[in-house]
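Q: First the structure, then my questions, so here it is.
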Protein chains: 2
Amino acid sequence: MARNMLIGQSGGPTVAINASLSGAIKRGMSSEQIGAVYGTKAGIEGILNDNIIPLEPYLTSEMDFSLLEHTPAMALGSCRYKLPELSQGREVYEKVLAVFHKYDIGYFFYIGGNDSMDTVKKLSAYFREIGEDIKVVGIPKTIDNDLACTDHTPGFGSAAKYVATSILEITRDSNVYDMESITIVEIMGRNAGWLTAASALARLGGTSAPHLIYLPEAPFDTERFVQDFKSFTGKVQNLIIAVSEGIRFADGSYVAEANAQTDVFGHKYLSGVGKVLENIVRERSDCKVRSVELNVLQRCAVHIGAETDIQEASKIGEAAVNFALEGKTGIMAVMNRVSNRPYLIEYGYRDVNEIANVERKVPREWINEQGNDVTEEMVEYLRPLILGEAQQYMENGLPKHFTFAPIEYYPEEK
Amino acid sequence: MARNMLIGQSGGPTVAINASLSGAIKRGMSSEQIGAVYGTKAGIEGILNDNIIPLEPYLTSEMDFSLLEHTPAMALGSCRYKLPELSQGREVYEKVLAVFHKYDIGYFFYIGGNDSMDTVKKLSAYFREIGEDIKVVGIPKTIDNDLACTDHTPGFGSAAKYVATSILEITRDSNVYDMESITIVEIMGRNAGWLTAASALARLGGTSAPHLIYLPEAPFDTERFVQDFKSFTGKVQNLIIAVSEGIRFADGSYVAEANAQTDVFGHKYLSGVGKVLENIVRERSDCKVRSVELNVLQRCAVHIGAETDIQEASKIGEAAVNFALEGKTGIMAVMNRVSNRPYLIEYGYRDVNEIANVERKVPREWINEQGNDVTEEMVEYLRPLILGEAQQYMENGLPKHFTFAPIEYYPEEK
């Protein structure tokens, strides 16, 4: 007999996470093995609070699905809740089970990053242990691209396109004055440098920027940095430097921490690595310098999203449902790159134990020897991920977004 | 006999300034009264350095013009040079005149803001004084929308669309967690609040954000701010606050200056009004708070440009050439709004003496009484300016940009 499906979203926002939601819901709705399709509001917290809603009423046309796919951040809401170890919080697991029983859930899908895969791992192990036939399958997402076992993660391509496009536009902005200048662009990525590496794609747009790229995977040295930017003097008028927020000194401490400042209330305040490098340039040269922090728009600017990313996110959501229907559990759906030119992806799955709580960093050999740029191999890897322009749904000159039950769930929405 | 035309760009970048360049060049090329069409590299500095190039060779197809129109920042480069008073630097004017004679310039167009209109004013007065028949016409541009005598300025609509879209996307990003939060969005505008006011357009996208809007034209009071954000407690879960970088206390001092910080080198450092408000919220409440500074992308993100803005910018460039051909000089081309629904614009001109060095601020009556929002009249004024999606020319998943003589002019370009 058909059992029901539940899906949730977790972790930080991306442009493509709703595309995975859409792909999974659509596959669930079309399967005879699956009855109703439910969503949990705010991830695992929604399960613990019995905040479960039926999703089919919201998605009655192809247009609804497409609009959901092109809406940034989590339409179902998110959480940062981490399940306790079973031995330390069995009652939490029993609460989850009770809610699953209440809605007759046979298939649970969780879209998220490292921490969310920890939830998939723990829940699937628990159900296995108690002999409960509930399939638990993870669907990857993160702009950080730091999940193991998958060629890349949905959400990364759009963020990469945002970063490369921004570098191109900032380069145009920097080039207008006929004087030497340095622009430092700070990019998200606390531990992994993939997104900062994507700044190199701007070169495919006909610029030589960025001229220097610093990732967390290569230790940062202030004196070498000074040599680096000075080596361009007289050669490049408007220097563009891409830097990951998470770069560290050789001793492992964050460079951003070198700039702890004190505000009017006497609080120590971390102002970002861009400002630290800006101050170094100002201290060690006469060059005009500014820093630009690419902000949260990196992860929510669907207006410059990559359609390749959004389509892949939708397909991996669909694939995850297929794997669950085949009886798989305790897995995450993954992408395997079959070929690069032409760019071809196949969808597979891997044991979530290989993925949960593991961070996939940029391999050192994809960073140049001096630690101030990425290699051609990295560019070749990144190149296809930003292709395609995300479909725009506009109204009143503004992007149109999909929402589930806006009045109940977003009390501030009109 | 046909005399030649010269055009230059000045001031800060916008998304639409090259559209005005394109419109003016195209009209110049099509006129029998005009011979060659020249460009000056880096505005008035290019004239003083005799850095003049013929433009026709670069623009040989409709596609070239359209690509130029959709390229951000100044394709001809910019400067911040202000002409001295004639009485204090007649030799500078004579140098300009010599270069104009060398290229037989009969028509000069200068695209820029307040300061650039000062150049138009001074040069046209000089030519009049010495009886030289050279028409000098200004073409407005600025994301600040602070030029007098014109309904709005080219470049503003696209920046406004960027701001409103970003607010919408940041709202989605803020709504994912089921907890109270405050997000402060800092928007450009040192003296005029037009661009920050445009954040209100996000409401046309189906959100109630931003919930508070602070402009430089209404004095800022810390205690009233605390009351303002606290009044939403329990009513709005994720508060979005739009604030202009240039807000001031009643005594006229910038709020941003209240947060002067000291870096590792002992330098006083101005970190922005967003951080100041963030610290106030942190100090005066337990609410989760973050600030987002919309950076230079506000003025160069053609990827979310308004096609209405770009088309108007092109047409006002064309109109400026027409006015010069009719014999006008010492004027700036302006836009007059004939009607709002339907939105209709007519192109006219005004004496540049009414415009140069004047800042048009937001009228107090378009700000609500409490000074924390804008009125419906403001929204009605802004609404049509962000309509239409800027044409995207993409290659390798990235925007394609136009350049004049990239190798000579941008030594860092490949």
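Residues in the structure tokens are named by chain (A, B, ... in the order shown) and by number from 1 within that chain; ligands are numbered from 1 in the order shown.
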How would you write, as number ranges by chain, the set of residues in region 187-356 of chain B that DSSP gives as strand (DSSP E)?
A: B: 187, 212-214, 238-244, 261-262, 268-269, 288-293, 331-339, 344-351
Q: Please tabulate, as JSON lines, the residues of region 99-216 of chain A that come within 7 Å of region 385-404 of chain B, each with its closest pair of atoms and the distance in Å to one decimal, counting only C-alpha atoms and ordering rows by chain, then residue number upward.
A:
{"residue": "A:Thr165", "atom": "CA", "partner": "B:Leu398", "partner_atom": "CA", "distance": 6.0}
{"residue": "A:Leu204", "atom": "CA", "partner": "B:Asn396", "partner_atom": "CA", "distance": 6.7}
{"residue": "A:Gly205", "atom": "CA", "partner": "B:Leu398", "partner_atom": "CA", "distance": 6.1}
Q: Write the residues you've just listed into a file as a PDB file, in the first residue's frame, and include N, CA and C atoms for each of them.
A:
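The new file again-v5.pdb reads:
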ATOM      1  N   THR A 165      30.245  36.991 -11.998  1.00  0.00           N
ATOM      2  CA  THR A 165      29.591  38.155 -12.610  1.00  0.00           C
ATOM      3  C   THR A 165      29.919  39.419 -11.820  1.00  0.00           C
ATOM      4  N   LEU A 204      36.957  34.283 -18.045  1.00  0.00           N
ATOM      5  CA  LEU A 204      36.283  33.814 -19.261  1.00  0.00           C
ATOM      6  C   LEU A 204      35.436  34.930 -19.867  1.00  0.00           C
ATOM      7  N   GLY A 205      35.240  35.997 -19.102  1.00  0.00           N
ATOM      8  CA  GLY A 205      34.477  37.147 -19.582  1.00  0.00           C
ATOM      9  C   GLY A 205      35.376  38.222 -20.182  1.00  0.00           C
TER      10      GLY A 205
END
Q: Given only C-alpha atoms, how would the per-residue table for region 153-176 of chain A near region 113-132 of chain A read, listing every residue at most 12 Å away with its closest atom pair and distance in Å to one decimal, sorted by chain and number, as a Markdown table?
A:
| residue | atom | partner | partner_atom | distance |
| --- | --- | --- | --- | --- |
| A:Thr153 | CA | A:Gly113 | CA | 8.9 |
| A:Pro154 | CA | A:Gly113 | CA | 10.1 |
| A:Gly155 | CA | A:Gly113 | CA | 10.6 |
| A:Phe156 | CA | A:Gly113 | CA | 11.5 |
Q: Write out as a PyMOL selection string all residues of region 59-201 of chain A that DSSP puts in helix (DSSP H, G or I) for this structure's backbone.
A: chain A and resi 62-69+86-88+90-102+114-129+156-174+194-201
Q: Please identify all polymer residues within 9 Å of Leu239 (chain B), counting only C-alpha atoms, omitting same-chain residues fewer than 6 positions from it, and present them as a VMD selection string.
A: (chain A and resid 412) or (chain B and resid 171 174 180 to 184 209 to 212 229 232 to 233)
Q: What is the distance between CA of Ile52 (chain B) and CA of Ser78 (chain B), in Å to one decimal?
A: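 Interatomic distance here is 13.3 Å.
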Q: Give me the residues within 9 Å of Glu56 (chain A) as a VMD selection string, counting only C-alpha atoms and dropping any in the same chain fewer than 5 places off.
A: chain A and resid 25 29 36 to 38
Q: Can you pull out the residues contacting Arg284 (chain A)? Cut-off 12 Å, using only C-alpha atoms, and skip same-chain residues under 6 positions away; I want them as a JSON list (two decimals) with C-alpha atoms, in the first residue's frame.
A:
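Full text of around_39.json as output:
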[["chain", "number", "residue", "atom", "x", "y", "z"],
["A", 222, "THR", "CA", 51.26, 39.03, 5.17],
["A", 223, "GLU", "CA", 54.73, 39.67, 3.72],
["A", 225, "PHE", "CA", 50.77, 39.27, 0.21],
["A", 226, "VAL", "CA", 52.60, 42.59, 0.14],
["A", 227, "GLN", "CA", 55.06, 41.18, -2.42],
["A", 229, "PHE", "CA", 50.27, 43.03, -4.88],
["A", 230, "LYS", "CA", 53.43, 45.09, -5.33],
["A", 277, "LEU", "CA", 43.77, 43.29, 3.68],
["A", 278, "GLU", "CA", 42.60, 46.82, 2.84],
["B", 265, "PHE", "CA", 47.51, 49.99, 13.17]]
Q: One decimal, in Å: what's the spacing between CA of Val292 (chain B) and CA of Asp144 (chain B)?
A: 19.3 Å
Q: Taking into account only C-alpha atoms, which residue in the set B:Val281, B:Ile17, B:Ala242, B:Leu195 is nearest to Cys300 (chain B)?
A: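 Answer, going by the shortest atom-to-atom distance: B:Ile17.
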Q: Residues within 6 Å of Cys79 (chain B), please, as JSON, numbers by chain. Count only C-alpha atoms; anything in the same chain fewer than 5 positions from it doesn't count.
A: {"A": [177], "B": [10, 42, 43]}
Q: So that I can see what lies close to region 97-104 of chain B, please list as a ChimeraX atom specification the residues with an atom at most 12 Å from it, counting only C-alpha atoms and leaving out residues fewer than 5 positions away in the same chain.
A: /B:1-7,34-40,44-54,90-92,123-124,126-127,130-136
Q: Between B:Asn145, B:Ser87, B:Ser291, B:Ser30, single out the one closest to chain A, counting only C-alpha atoms.
A: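 Nearest candidate to chain A out of B:Asn145, B:Ser87, B:Ser291, B:Ser30: B:Ser291.
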Q: Just how far from CA of Ala200 (chain A) is CA of Leu147 (chain A), in Å to one decimal?
A: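 Distance between the two atoms: 21.1 Å.
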Q: Using only C-alpha atoms, find the one residue out of B:Asn368, B:Ser66, B:Ser22, B:Asn357 that sits nearest to Lys82 (chain B).
A: B:Asn357
